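Participant: Have a look at the structure that comes next, please.
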Amino acid sequence: TLKHSFDDTPEESETSRLEETNETVTGGIFDVSFDKRGGGSYSWSASDSSPDSSDSGHTTQYRRVQFEGIGSVLVRHEPNLFVQPKRSENKRGKTGVTLWSASIVIGHYLDSLIGSLRRENGMPNKRLTMLDIGAGLGLTSAVAVKHGLNVVATDIGEAEVMALLSENIERNKPAGFSSASSYYVESLEWISAAESINLHPVYEKLECLGGADIIALSDVIYKATEPAWASLLAIVKAFRTQKLRLCKDGDIDQVILLGYTHRRRDMSRQDEAKFFAMCMSAGFKVELIHSHDIPNSEKYMLTSLFQLKAG
């Protein structure tokens with residue numbers, strides 16, 4: 001098995017060193033070739049060359065994304081397992097096995113936000129908690145974990161997706177981080193969960209953690225998810241109400257981040273207007289976060305980041 005070690009100091013991180021040159025790392029049965037990409041992102045593959053492998057030629061693929069505050073985050077993805085969702089056929093697809101732009105954008109913003117709180121000595125004494133809805137490969141969750149946050153990471157519950165999510169968070173946790181008490185991976189089916197959200201394991205875990213200080217939603221809005229939009233907003237509203245009930249002196253105001261990538265072939269302007277009208281009907285005011293407040297946002301021009309606030 002190929003093992004990776006990380007130095008969480010950004011100046012000395014493995015990714016910082018990789019900026020100087022391409023490298024090849026050999027470990028066990030893997031030969032891993034690093035290919036530098038623009039924008040602080042790297043991708044490479046590890047080909048399984050084991051003579052005993054029953055799946056000869058299988059390639060394990062990785063993406064590494066560099067952040068200003070916490071250094072690099074490494075995730076394994078399986079783009080060959082991706083299945084395009086089709087609303088017309090009531091086909092949900094399998095979307096959580098590849099990296100989506102909004103998770104990178106939210107990750108950069110979150111990294112900057114937490115770094116600013118620390119620099120300004122405004123970080124509350126308690127450990128913050130983030131709820132990641134539609135976590136996919138777990139990039140945003142991994143950023144939060146590396147910053148020392150409690151994380152409840154959720155997706156729709158498909159085996160491959162949940163396995164990748166757990167693996168990627170575990171890979172990126174800093175030394176000394178207690179996985180048993182500080183991050184959780186749970187299935188969250190929006191429609192069924194909305195019917196009795198206060199009995200759901202995610203709700204119960206957040207109850208023990210004092211509620212979600214941050215809620216992240218990365219590329220969860222597209223045509224195939226339209227039947228569940230109302231349920232999604234009901235769930236988010238329930239988690240906001242929960243936090244208000246549990247809020248204590250010194251807590252930060254809850255931050256709800258929605259990353260949305262514009263895809264005209266999938267979502268028309270009318271579709272977008274419908275969703276944001278539903279947000280307002282659910283009691284949320286939608287505010288666009290300016291791109292100059294998001295590091296590296298110029299590399300993801302089709303992705304917008306919004307904050308949902310109480311209307």
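Simple scheme: letters A, B, ... for chains in structure tokens order, numbers from 1 for residues in each chain, numbers from 1 for ligands in the order shown.
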Env of stretch 168-177 of chain A: 12 Å cut, atoms = only C-alpha atoms, seq-sep filter 5 positions within chain, self excluded. Answer as a PyMOL selection string.
Facilitator: chain A and resi 2-9+62-65+70-77+97+99+132+135-154+161-163+182-185
Participant: Leaving out A:Phe82 and any residue of its chain fewer than 5 positions from it, which residues lie within 7 Å of it when counting only C-alpha atoms, given as a list in words?
Facilitator: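 Returned residues: Lys94, Thr95, Val97 and Thr98 of chain A.
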Participant: Keeping N, CA and C atoms, export the residues of the selection given above as a PDB file, in the first residue's frame.
Facilitator:
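Final file, result26.pdb:
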ATOM      1  N   LYS A  94     -24.790   8.918 -10.508  1.00  0.00           N
ATOM      2  CA  LYS A  94     -23.781   8.727  -9.462  1.00  0.00           C
ATOM      3  C   LYS A  94     -22.763   9.838  -9.652  1.00  0.00           C
ATOM      4  N   THR A  95     -22.913  10.898  -8.875  1.00  0.00           N
ATOM      5  CA  THR A  95     -22.147  12.122  -9.097  1.00  0.00           C
ATOM      6  C   THR A  95     -21.057  12.368  -8.060  1.00  0.00           C
ATOM      7  N   VAL A  97     -18.513  10.692  -7.137  1.00  0.00           N
ATOM      8  CA  VAL A  97     -17.251   9.976  -7.307  1.00  0.00           C
ATOM      9  C   VAL A  97     -16.201  10.813  -8.037  1.00  0.00           C
ATOM     10  N   THR A  98     -16.551  12.043  -8.376  1.00  0.00           N
ATOM     11  CA  THR A  98     -15.609  12.918  -9.060  1.00  0.00           C
ATOM     12  C   THR A  98     -15.625  14.285  -8.391  1.00  0.00           C
TER      13      THR A  98
END
Participant: Could you jot down the atom CA of A:Gln242 to atom CA of A:Val286 separation for me, Å, one decimal place?
Facilitator: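 Atom CA of A:Gln242 sits 20.1 Å away from atom CA of A:Val286.
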Participant: Would you pick out the contacts of stretch 276-281 of chain A at 10 Å or less, using only C-alpha atoms, so that residues sharing its chain but fewer than 3 positions from it are not included, and give the list as a PDB file with N, CA and C atoms, in the first residue's frame?
Facilitator:
ATOM      1  N   TRP A 229     -35.571  19.809  -4.170  1.00  0.00           N
ATOM      2  CA  TRP A 229     -35.161  21.145  -3.733  1.00  0.00           C
ATOM      3  C   TRP A 229     -35.918  21.589  -2.487  1.00  0.00           C
ATOM      4  N   ALA A 230     -37.225  21.396  -2.483  1.00  0.00           N
ATOM      5  CA  ALA A 230     -38.025  21.826  -1.328  1.00  0.00           C
ATOM      6  C   ALA A 230     -37.596  21.082  -0.065  1.00  0.00           C
ATOM      7  N   LEU A 233     -34.193  22.482   1.199  1.00  0.00           N
ATOM      8  CA  LEU A 233     -34.331  23.755   1.901  1.00  0.00           C
ATOM      9  C   LEU A 233     -34.997  23.564   3.260  1.00  0.00           C
ATOM     10  N   ALA A 234     -35.945  22.618   3.348  1.00  0.00           N
ATOM     11  CA  ALA A 234     -36.577  22.326   4.638  1.00  0.00           C
ATOM     12  C   ALA A 234     -35.560  21.782   5.631  1.00  0.00           C
ATOM     13  N   LYS A 237     -33.231  24.620   6.725  1.00  0.00           N
ATOM     14  CA  LYS A 237     -33.961  25.477   7.669  1.00  0.00           C
ATOM     15  C   LYS A 237     -34.057  24.823   9.043  1.00  0.00           C
ATOM     16  N   ASP A 271     -34.901  27.996 -14.490  1.00  0.00           N
ATOM     17  CA  ASP A 271     -34.667  27.005 -13.440  1.00  0.00           C
ATOM     18  C   ASP A 271     -33.953  27.639 -12.250  1.00  0.00           C
ATOM     19  N   GLU A 272     -32.932  28.437 -12.550  1.00  0.00           N
ATOM     20  CA  GLU A 272     -32.187  29.103 -11.485  1.00  0.00           C
ATOM     21  C   GLU A 272     -33.093  30.050 -10.700  1.00  0.00           C
ATOM     22  N   ALA A 273     -33.893  30.816 -11.441  1.00  0.00           N
ATOM     23  CA  ALA A 273     -34.804  31.752 -10.780  1.00  0.00           C
ATOM     24  C   ALA A 273     -35.791  31.009  -9.883  1.00  0.00           C
ATOM     25  N   PHE A 284     -35.016  32.458   3.428  1.00  0.00           N
ATOM     26  CA  PHE A 284     -33.603  32.785   3.282  1.00  0.00           C
ATOM     27  C   PHE A 284     -33.414  33.982   2.354  1.00  0.00           C
ATOM     28  N   LYS A 285     -32.508  34.844   2.746  1.00  0.00           N
ATOM     29  CA  LYS A 285     -32.040  35.906   1.865  1.00  0.00           C
ATOM     30  C   LYS A 285     -30.745  35.417   1.219  1.00  0.00           C
ATOM     31  N   VAL A 286     -30.656  35.515  -0.100  1.00  0.00           N
ATOM     32  CA  VAL A 286     -29.502  34.984  -0.826  1.00  0.00           C
ATOM     33  C   VAL A 286     -28.558  36.124  -1.184  1.00  0.00           C
ATOM     34  N   LEU A 308     -26.577  32.005   2.368  1.00  0.00           N
ATOM     35  CA  LEU A 308     -27.992  32.032   2.703  1.00  0.00           C
ATOM     36  C   LEU A 308     -28.131  32.575   4.122  1.00  0.00           C
ATOM     37  N   LYS A 309     -28.857  33.682   4.260  1.00  0.00           N
ATOM     38  CA  LYS A 309     -29.066  34.302   5.558  1.00  0.00           C
ATOM     39  C   LYS A 309     -30.557  34.337   5.867  1.00  0.00           C
ATOM     40  N   ALA A 310     -30.854  34.509   7.121  1.00  0.00           N
ATOM     41  CA  ALA A 310     -32.262  34.619   7.515  1.00  0.00           C
ATOM     42  C   ALA A 310     -32.881  35.834   6.840  1.00  0.00           C
ATOM     43  N   GLY A 311     -34.032  35.620   6.202  1.00  0.00           N
ATOM     44  CA  GLY A 311     -34.667  36.685   5.441  1.00  0.00           C
ATOM     45  C   GLY A 311     -35.339  37.726   6.334  1.00  0.00           C
TER      46      GLY A 311
END
Participant: Pick out each residue of stretch 216-263 of chain A that DSSP on the backbone tags as strand (DSSP E); I need them as a short mmCIF file (atom, residue, chain, number, x, y, z; two decimals) with N, CA, C and O atoms, in the first residue's frame.
Facilitator:
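Writing done, so here's part03.cif:
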data_model
loop_
_atom_site.label_atom_id
_atom_site.label_comp_id
_atom_site.auth_asym_id
_atom_site.auth_seq_id
_atom_site.Cartn_x
_atom_site.Cartn_y
_atom_site.Cartn_z
N ALA A 216 -22.28 23.70 4.45
CA ALA A 216 -21.75 23.82 3.10
C ALA A 216 -22.56 22.96 2.14
O ALA A 216 -22.84 21.79 2.43
N LEU A 217 -22.94 23.54 1.01
CA LEU A 217 -23.67 22.83 -0.03
C LEU A 217 -22.94 23.05 -1.35
O LEU A 217 -22.91 24.17 -1.88
N SER A 218 -22.31 22.00 -1.86
CA SER A 218 -21.44 22.12 -3.03
C SER A 218 -22.07 21.48 -4.26
O SER A 218 -22.20 20.25 -4.32
N VAL A 255 -23.11 30.23 9.34
CA VAL A 255 -22.76 30.56 7.97
C VAL A 255 -23.25 29.43 7.07
O VAL A 255 -22.84 28.27 7.26
N ILE A 256 -24.12 29.74 6.11
CA ILE A 256 -24.62 28.74 5.16
C ILE A 256 -24.10 29.11 3.78
O ILE A 256 -24.43 30.18 3.24
N LEU A 257 -23.28 28.25 3.21
CA LEU A 257 -22.62 28.51 1.93
C LEU A 257 -23.19 27.59 0.85
O LEU A 257 -23.25 26.38 1.03
N LEU A 258 -23.57 28.18 -0.27
CA LEU A 258 -24.09 27.43 -1.41
C LEU A 258 -23.21 27.70 -2.62
O LEU A 258 -23.14 28.83 -3.11
N GLY A 259 -22.50 26.67 -3.07
CA GLY A 259 -21.71 26.79 -4.28
C GLY A 259 -22.50 26.27 -5.47
O GLY A 259 -23.00 25.14 -5.45
N TYR A 260 -22.63 27.11 -6.50
CA TYR A 260 -23.45 26.74 -7.66
C TYR A 260 -22.67 26.99 -8.94
O TYR A 260 -22.17 28.10 -9.16
N THR A 261 -22.56 25.96 -9.78
CA THR A 261 -21.86 26.08 -11.05
C THR A 261 -22.90 26.20 -12.18
O THR A 261 -23.78 25.36 -12.31
#
Participant: If you measure from atom CA of A:Gly107 to atom CA of A:Leu199, what distance in Å do you get, rounded to one decimal?
Facilitator: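 Separation between atom CA of A:Gly107 and atom CA of A:Leu199: 29.4 Å.
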Participant: In Å, rounded to a single decimal, give me how far atom CA of A:His262 is from atom CA of A:Gln84.
Facilitator: 16.3 Å
Participant: Give me the residues within 10 Å of A:Glu207 as a PyMOL selection string, counting only C-alpha atoms and dropping any in the same chain fewer than 2 places off.
Facilitator: chain A and resi 198+201-205+209-212+239+242-243+245-246
